[in-house]
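Chemist: Sharing a structure, written as structure tokens. Questions coming.
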Amino acid sequence: MNFAAQLFYSSYLSERLERLYSPRPALKDSEENDPFWQREELRLGPNQPGSSYKCGPVSNGTAGRRPTLIEPERLKDFGEEELLNGDVRVFDTKMVGGPEIMLMEPPKTRRVSEFRIVPKPQYLRFEDISAAAFRIQTEIQKTPCTYSRLSKQYGMEIYLKKEHLHYTGSVKERGALYLLTSLTQEQQRKGVIVATDCNFSMAVAHHAVELKIPVFVIMPSCCSSPRLRIYRDYGAMVISYGSTGHDSQNHARHLAKENGYLYLEEDESAAYLAGLGTVGMEIYEQVSKLDAVIVPAAGQYGLLAGTAAAMKHLNSQILIIGIEPEGFPLLLQSLKTDSPVKDIHSNPNKKLYGDLMERSLGVNTFQLAKKLVDKVISVSEEDCLVAMLRFQEFERSTVDTEGAMGLAAILAGQLPELRGKKVAVVVSSANMELELVRQCVDRALVLDDRVSKFTVQLGEWPGDMAKLLDVLSREDVRLLDVCHRRQSNKADLFKAKVECVVETRDKTQSAQLRKTLSERYPSICWLDR
């Protein structure tokens with residue numbers, strides 16, 4: 001018998017039994033001959049000693065009423081009867097004919113969890129950053145975050161997170177070390193290979209040697225000898241190949257494929273971003289009641305994304321401000337188009353931004369920056385050079401343009417909303433060759449109106465040149481260079497052209513010098529910067 005037939009038979013049997021066992025008033029003498037179904041009680045089973053009914057009268061399955069007797073003639077309506085176990089009768093009813101009843105399928109039961117919206121796992125979690133901080137704490141020093149003497153000058157409490165004090169002079173040591181410790185034992189045994197001269201390559205070379213991992217560095221032939229010597233001092237195997245960075249990168253990939261090395265490059269891997277994000281954890285521990293953090297666009301924007309992820313988890317009210325060079329505003333353009341921009345048609349200074357020129361903005365890093373970074377601004381090359389000069393004068397430290405970008409935004413007056421606030425500035429790196437540092441300082445002095453250049457016409461009479469030098473001496477300026485040329489034009493006979501380069505203490509002294517010389521020498525001409 002199928003399920004439908006069983007269900008139909010059960011309902012039919014229940015209806016018949018209900019009619020049989022329905023109670024009615026007690027019988028009178030005149031009602032003894034009434035039909036069977038009008039009687040009040042029916043007895044089920046025998047009523048004799050030894051009966052199995054020990055619980056007393058039962059009526060319709062409930063205790064408290066005597067069992068009634070069902071006449072066999074009435075029971076025949078249910079079908080064939082069989083005699084089992086004495087006088088207990090058991091009946092088997094068969095369904096014959098009739099339409100088949102089709103029941104609907106029961107509704108599908110769904111779990112409560114199926115109605116919940118399960119969020120996608122985050123690409124960079126705070127737990128990952130905490131794990132990275134625990135892993136690298138024995139190898140990476142906790143850099144200081146000190147109060148800057150520039151605070152009163154710019155009307156805010158400035159704290160400098162000096163990441164340039166790492167062994168290789170760059171914050172990228174954090175990401176590189178955690179990336180190396182995350183490799184499998186097989187990968188560590190075979191070794192790693194990097195290419196091009198950058199802060200990431202230096203960090204990988206140093207920490208790979210410390211972890212006893214074979215490391216190879218492929219450098220273009222244009223790399224200077226002092227830089228090559230740094231990699232060799234770390235203990236890396238240095239190979240010069242090609243004339244450009246692209247040539248060395250292609251050769252490194254070829255060697256990695258042929259020999260089984262792991263080619264490492266600065267990317268947006270979760271381990272690398274988690275290592276860089278430990279900067280945010282340290283800043284939060286070192287500076288209380290912080291209002292904003294200024295982060296340069298270093299490490300393929302990984303430093304910005306990792307620091308923002310850590311700070312926003314610890315305190316969502318802290319502002320995260322990203323800084324990038326004006327000549328290469330990759331993140332700003334990406335935010336405008338709402339998608340990562342691969343390249344920008346620009347021509348920034350390769351000497352100053354060489355480590356930033358090879359960068360790119362990945363999808364995951366862009367999504368983190370879009371969600372967590374509150375503001376992104378760009379700074380000019382001139383502002384970065386002046387910020388480098390301020391570091392040397394007030395902080396007694398030398399940083400590169402990448403490390404000075406955070407302070408450059410404050411110096412340029414692009415963050416007026418931070419006046420009176422407590423601000424932390426990440427100083428990311430300080431890797432710049434000595435000759436380039438000297439050129440940057442000279443240029444910064446000119447941009448800061450500290451070095452001036454002018455020409456003036458003097459007569460060839462004895463003492464005219466001495467009088468000019470006497471004026472400069474009384475104004476307490478430093479003479480850097482002087483050039484005396486005789487005029488060749490007929491109209492300027494008996495006259496000489498003198499070109500001077502002088503250095504002043506500040507803008508106030510420079511303005512006073514200009515006023516004094518202009519009054520004494522009307523023909524003076526100040527050369528533009």
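Quick note on naming: the chains in the structure tokens go A, B, ... in the order shown, residues restart at 1 in each chain, and ligands are numbered from 1 in order of appearance.
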With 8 Å as the cut-off and only C-alpha atoms counted, what is the closest atom pair between each nearby residue of region 164-203 of chain A and region 231-249 of chain A? Distances in Å to one decimal, ordered by chain and number, as CSV.
Modeler:
residue,atom,partner,partner_atom,distance
A:Val194,CA,A:Gln249,CA,7.8
A:Ala195,CA,A:Gln249,CA,5.3
A:Thr196,CA,A:Gly245,CA,5.4
A:Met202,CA,A:Tyr231,CA,6.8
Chemist: With a cut-off of 10 Å, could you pull out the residues of region 268-351 of chain A touching region 364-385 of chain A and give me the nearest pair of atoms for each, distance in Å to one decimal, using only C-alpha atoms, ordered by chain and ascending number, as a tab-separated table?
Modeler:
residue	atom	partner	partner_atom	distance
A:Glu268	CA	A:Thr365	CA	6.5
A:Ser269	CA	A:Asn364	CA	9.0
A:Ala270	CA	A:Asn364	CA	9.3
A:Leu273	CA	A:Thr365	CA	8.7
A:Ala292	CA	A:Asp374	CA	9.8
A:Ile294	CA	A:Lys375	CA	9.6
A:Val295	CA	A:Val376	CA	9.6
A:Pro296	CA	A:Val376	CA	9.7
A:Ala297	CA	A:Val376	CA	9.6
A:Gln300	CA	A:Thr365	CA	8.4
A:Tyr301	CA	A:Thr365	CA	6.9
A:Gly302	CA	A:Thr365	CA	6.6
A:Leu303	CA	A:Thr365	CA	9.8
A:Leu304	CA	A:Ala369	CA	7.3
A:Ala305	CA	A:Ala369	CA	5.4
A:Gly306	CA	A:Leu368	CA	8.4
A:Thr307	CA	A:Leu372	CA	9.6
A:Ala308	CA	A:Leu372	CA	5.9
A:Ala309	CA	A:Leu372	CA	6.8
A:Ala310	CA	A:Leu372	CA	9.9
A:Met311	CA	A:Leu372	CA	9.3
A:Lys312	CA	A:Leu372	CA	7.0
A:His313	CA	A:Leu372	CA	9.8
A:Ser316	CA	A:Leu372	CA	9.0
A:Ile318	CA	A:Asp374	CA	9.2
A:Leu319	CA	A:Asp374	CA	6.0
A:Ile320	CA	A:Val373	CA	5.1
A:Ile321	CA	A:Lys375	CA	4.8
A:Gly322	CA	A:Val376	CA	4.6
A:Ile323	CA	A:Ile377	CA	5.3
A:Glu324	CA	A:Ser378	CA	4.9
A:Pro325	CA	A:Val379	CA	5.2
A:Glu326	CA	A:Ser378	CA	4.8
A:Gly327	CA	A:Ser380	CA	7.3
A:Phe328	CA	A:Ser378	CA	8.5
A:Pro329	CA	A:Ser378	CA	6.6
A:Leu330	CA	A:Ser378	CA	9.8
A:Leu331	CA	A:Val376	CA	7.7
A:Leu332	CA	A:Val376	CA	6.7
A:Ser334	CA	A:Phe366	CA	7.9
A:Leu335	CA	A:Lys370	CA	7.1
A:Asp338	CA	A:Lys370	CA	8.7
A:Ser339	CA	A:Phe366	CA	7.7
A:Pro340	CA	A:Phe366	CA	6.3
A:Val341	CA	A:Phe366	CA	9.5
A:Pro348	CA	A:Glu381	CA	8.8
A:Asn349	CA	A:Glu381	CA	8.3
Chemist: Extract the full set of alpha helix (DSSP H) residues from region 273-496 of chain A according to DSSP on the backbone, and format it as a PyMOL selection string.
Modeler: chain A and resi 273-286+302-314+330-337+354-357+363-372+381-390+401-411+434-447+464-474
Chemist: Kindly give the distance, in Å, that separates CA of Arg505 (chain A) and CA of Glu433 (chain A), rounded to a single decimal.
Modeler: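 Those two atoms sit 26.3 Å apart.
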Chemist: Using only C-alpha atoms, determine which residues lie at most 10 Å from Ala131 (chain A), disregarding the query and same-chain residues fewer than 2 positions distant; provide the list as a list in words.
Modeler: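 The neighbour list is Phe126, Glu127, Asp128, Ile129, Ala133, Phe134, Arg135, Ile136, Tyr178, Ala271, Ala274, Gly275 and Thr278 of chain A.
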Chemist: What separation in Å, quoted to one decimal, exists between CA of Tyr272 (chain A) and CA of Val215 (chain A)?
Modeler: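 Those two atoms sit 17.8 Å apart.
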Chemist: Name all residues at most 8 Å from Leu480 (chain A) (count only C-alpha atoms; drop same-chain ones fewer than 4 positions away) and give them as a ChimeraX atom specification.
Modeler: /A:500-503
Chemist: Can you list every residue in region 288-513 of chain A that DSSP puts in strand (DSSP E), as number ranges by chain?
Modeler: A: 292-296, 319-325, 375-379, 422-427, 451-459, 478-486, 495-503
Chemist: I'd like the contact shell of Ala496 (chain A) - 9 Å cut-off, only C-alpha atoms, skipping same-chain residues fewer than 4 positions apart - returned as a list in words.
Modeler: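 So the residues in contact are Val456, Gln457, Leu458, Gly459, Glu460, His484, Arg485, Arg486, Gln487 and Asp492 of chain A.
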Chemist: Include N, CA, C and O atoms and write out the residues we just selected as a short mmCIF file (atom, residue, chain, number, x, y, z; two decimals), in the first residue's frame.
Modeler:
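File result-v3.cif, as written:
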data_model
loop_
_atom_site.label_atom_id
_atom_site.label_comp_id
_atom_site.auth_asym_id
_atom_site.auth_seq_id
_atom_site.Cartn_x
_atom_site.Cartn_y
_atom_site.Cartn_z
N VAL A 456 75.03 92.91 -10.98
CA VAL A 456 75.06 94.36 -10.82
C VAL A 456 76.22 94.93 -11.64
O VAL A 456 77.26 94.28 -11.79
N GLN A 457 76.02 96.11 -12.17
CA GLN A 457 77.06 96.78 -12.95
C GLN A 457 77.86 97.72 -12.04
O GLN A 457 77.30 98.56 -11.34
N LEU A 458 79.18 97.56 -12.09
CA LEU A 458 80.09 98.38 -11.31
C LEU A 458 81.07 99.09 -12.23
O LEU A 458 81.36 98.59 -13.33
N GLY A 459 81.53 100.22 -11.79
CA GLY A 459 82.56 100.92 -12.55
C GLY A 459 83.92 100.26 -12.35
O GLY A 459 84.12 99.46 -11.42
N GLU A 460 84.87 100.60 -13.21
CA GLU A 460 86.21 100.02 -13.11
C GLU A 460 87.12 100.88 -12.23
O GLU A 460 88.33 100.73 -12.27
N HIS A 484 83.40 88.24 -12.00
CA HIS A 484 83.62 89.61 -12.46
C HIS A 484 83.94 89.57 -13.96
O HIS A 484 84.91 88.96 -14.37
N ARG A 485 83.10 90.22 -14.75
CA ARG A 485 83.29 90.22 -16.21
C ARG A 485 83.28 91.67 -16.71
O ARG A 485 82.43 92.46 -16.29
N ARG A 486 84.16 91.94 -17.61
CA ARG A 486 84.18 93.24 -18.25
C ARG A 486 83.18 93.26 -19.40
O ARG A 486 83.04 92.28 -20.12
N GLN A 487 82.56 94.43 -19.58
CA GLN A 487 81.57 94.56 -20.65
C GLN A 487 82.29 94.75 -21.98
O GLN A 487 83.31 95.46 -22.07
N ASP A 492 78.75 100.33 -22.84
CA ASP A 492 79.06 100.03 -21.44
C ASP A 492 80.56 100.04 -21.18
O ASP A 492 81.10 99.23 -20.43
#
Chemist: Return the single residue from A:His251, A:Arg227, A:Arg514, A:Lys152 that is closest to Trp526 (chain A), with distances computed using only C-alpha atoms.
Modeler: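 For Trp526 (chain A), the nearest of the given residues is A:Arg514.
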Chemist: Quick one: pull the distance between CA of Arg520 (chain A) and CA of Lys453 (chain A), Å, one decimal.
Modeler: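 One can read the CA of Arg520 (chain A) to CA of Lys453 (chain A) distance as 16.6 Å.
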